[in-house]
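Reading through the structure tokens given below for one structure.
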Amino acid sequence: FRKWLSQLIYACARWSDYIFKYLLVTSNLLFTLLGLVTLVVGLWGLINKESFAQEKISSIGTDPMLLFCFLGLVLALLSLMGCVGALRENMCLLQIFSAAVLFLVVAQVLVAVVLYSLQGQIVEYLRSGMLAAMVRYQDDLDLRFITDEIQTGLQCCGADTYRDWEINVYFNCSAPGVQACGVPPSCCIDPLENGTVWNTQCGVGAQQLDEFSAQSVIFLGGCLGSIWRWIEQHSGVIVTVVIIVLGVQILTLFITARLLQKIRWSRAQHDVYLQSLQ
């Protein structure tokens, strides 16, 4: 009975190792594809905006699309390393992969702790960042796109109020252009005005209106309050996603450690077998 039980346990262990191995291979293969897709999106963004043009090559270092390229490349290489390491049972690759995943887990936990402890200062950082984006709104296509997406998606205008747009030289009331004392069309309640193309003039003169008159044309509330409310409303989903992501990474560490243990045991058994033949 003991012999039969030990054989059963050994068979179960072999099957679990087999399942763990190919689970690690499959998951890393999927993340490799995800990384390549992210890399392609970043490269497409750079090429589509002609960021590699001679006149723009000096400012390419500040292009947000580089973040997609970097994250995609790192994710693809790291996942490919784990996939090949598990498939070939290469201890060196698996150890590097395990160390990298452990570093990512620790880094994410530290970031979460820092963000939680600096909640009061985060608002000020967001305000400074958004005001800086508003200043460069007309001169930076990336910042314009991000700002428009935030204002349209959250139905807000400016950092704290729609009058914050006076900080921009084009929307300042002393500016000579037609946009003086106005706001971007992404601040408008109905920028399409029942059409298919944005009416870029829908926010002209909005800063000259009082709040009662402006509320029928543009969003009055600032985006900082909208962002904070969105975070509070979706805090449960955000925490759940963070826990799932960390859980997957910790599970990956466990599977990698189990596979490394199995490889060491197999090599030790092989060495014992070779020694018995001598």
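All residue names refer to the structure tokens as shown: chains lettered A, B, ... in order, residues numbered from 1 in each chain, ligands numbered from 1 in order.
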
Using only C-alpha atoms, determine which residues lie at most 12 Å from A:Arg258, disregarding the query and same-chain residues fewer than 5 positions distant; provide the list as a PDB file with C-alpha atoms, in the first residue's frame.
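For reference, part_7.pdb as written:
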```pdb
ATOM      1  CA  ALA A  13       3.569  15.684  -8.502  1.00  0.00           C
ATOM      2  CA  ARG A  14       4.749  15.055 -12.072  1.00  0.00           C
ATOM      3  CA  SER A  16       1.259  19.219 -11.350  1.00  0.00           C
ATOM      4  CA  ASP A  17       4.761  20.157 -12.491  1.00  0.00           C
ATOM      5  CA  TYR A  18       3.708  19.564 -16.090  1.00  0.00           C
ATOM      6  CA  ILE A  19       0.611  21.744 -15.658  1.00  0.00           C
ATOM      7  CA  PHE A  20       2.573  24.508 -13.893  1.00  0.00           C
ATOM      8  CA  LYS A  21       5.213  24.493 -16.613  1.00  0.00           C
ATOM      9  CA  LEU A  24       3.723  29.525 -17.175  1.00  0.00           C
ATOM     10  CA  ALA A  86      10.034  27.480 -18.787  1.00  0.00           C
ATOM     11  CA  GLU A  89      13.847  24.517 -18.420  1.00  0.00           C
ATOM     12  CA  MET A  91      17.569  27.888 -14.857  1.00  0.00           C
ATOM     13  CA  LEU A  94      14.046  31.502 -15.073  1.00  0.00           C
ATOM     14  CA  GLN A  95      16.124  33.037 -12.279  1.00  0.00           C
ATOM     15  CA  SER A  98      11.845  35.520 -11.298  1.00  0.00           C
ATOM     16  CA  LEU A 251       1.355  33.246  -8.498  1.00  0.00           C
ATOM     17  CA  THR A 252       3.882  33.525 -11.330  1.00  0.00           C
ATOM     18  CA  LEU A 253       6.660  33.746  -8.758  1.00  0.00           C
ATOM     19  CA  ILE A 263      14.728  21.316 -12.375  1.00  0.00           C
ATOM     20  CA  ARG A 264      17.261  21.205  -9.505  1.00  0.00           C
ATOM     21  CA  TRP A 265      15.783  17.933  -8.237  1.00  0.00           C
TER      22      TRP A 265
END
```

Where does DSSP see strand (DSSP E or B) in stretch 26-233 of chain A, if you list the residues as a ChimeraX atom specification?
/A:161,188,218,221

Could the residues in this selection be written to a file with N, CA and C atoms, as a compact mmCIF listing (two decimals), in the first residue's frame?
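Written out: result38.txt:
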```txt
# COMPACT_ATOMS: atom_id res chain seq x y z
N THR A 161 -11.58 75.57 -12.35
CA THR A 161 -12.73 76.26 -12.94
C THR A 161 -12.41 76.57 -14.40
N CYS A 188 -16.98 72.48 -24.21
CA CYS A 188 -18.37 72.75 -24.58
C CYS A 188 -19.26 71.56 -24.25
N ILE A 218 -20.85 75.65 -21.66
CA ILE A 218 -19.65 74.88 -21.32
C ILE A 218 -19.82 74.23 -19.94
N GLY A 221 -17.38 73.10 -13.94
CA GLY A 221 -16.52 72.48 -12.93
C GLY A 221 -15.14 72.14 -13.45
```

Quick one: everything within 10 Å of A:Gly158, counting only C-alpha atoms, minus sequence neighbours fewer than 5 positions away in the same chain. Send it as JSON, numbers by chain.
{"A": [127, 130, 131, 134, 147, 150, 151, 163, 164, 165, 166, 167, 183, 184, 187, 219, 220, 221, 222, 223, 224]}

State, in Å with one decimal place, the distance from atom CA of A:Ile231 to atom CA of A:Leu154.
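Atom-to-atom, atom CA of A:Ile231 to atom CA of A:Leu154, that is 11.5 Å.
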
Could you please write out, as number ranges by chain, every residue of stretch 96-195 of chain A that DSSP assigns to helix (DSSP H, G or I)?
A: 96-117, 119-135, 141-154, 162-167, 185-187

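Using only C-alpha atoms, the shortest contact distance between A:Val245 and any of A:Ser174, A:Gln275, A:Gln119, A:Gln108 is found at A:Gln108.
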
Excluding stretch 246-248 of chain A and residues on its chain fewer than 4 positions from it, collect all residues at most 12 Å away from it, counting only C-alpha atoms, and give them as a list in words.
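Counting only C-alpha atoms, the residues come to Leu23, Leu24, Ser27, Asn28, Phe31, Val101, Leu102, Phe103, Leu104, Val105, Val106, Ala107, Gln108, Val109, Ala112, Val239, Thr240, Val241, Val242, Thr252, Leu253, Phe254 and Ile255 of chain A.
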
Which is closer to A:Asn90 than all the others in A:Trp228, A:Lys262, A:Met65, A:Ala175, using only C-alpha atoms?
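Of the candidates, the smallest distance to A:Asn90 is held by A:Lys262.
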
Report, in Å to a single decimal, how far apart atom CA of A:Leu115 and atom CA of A:Gly236 are.
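Going from atom CA of A:Gly236 over to atom CA of A:Leu115, I get 16.1 Å.
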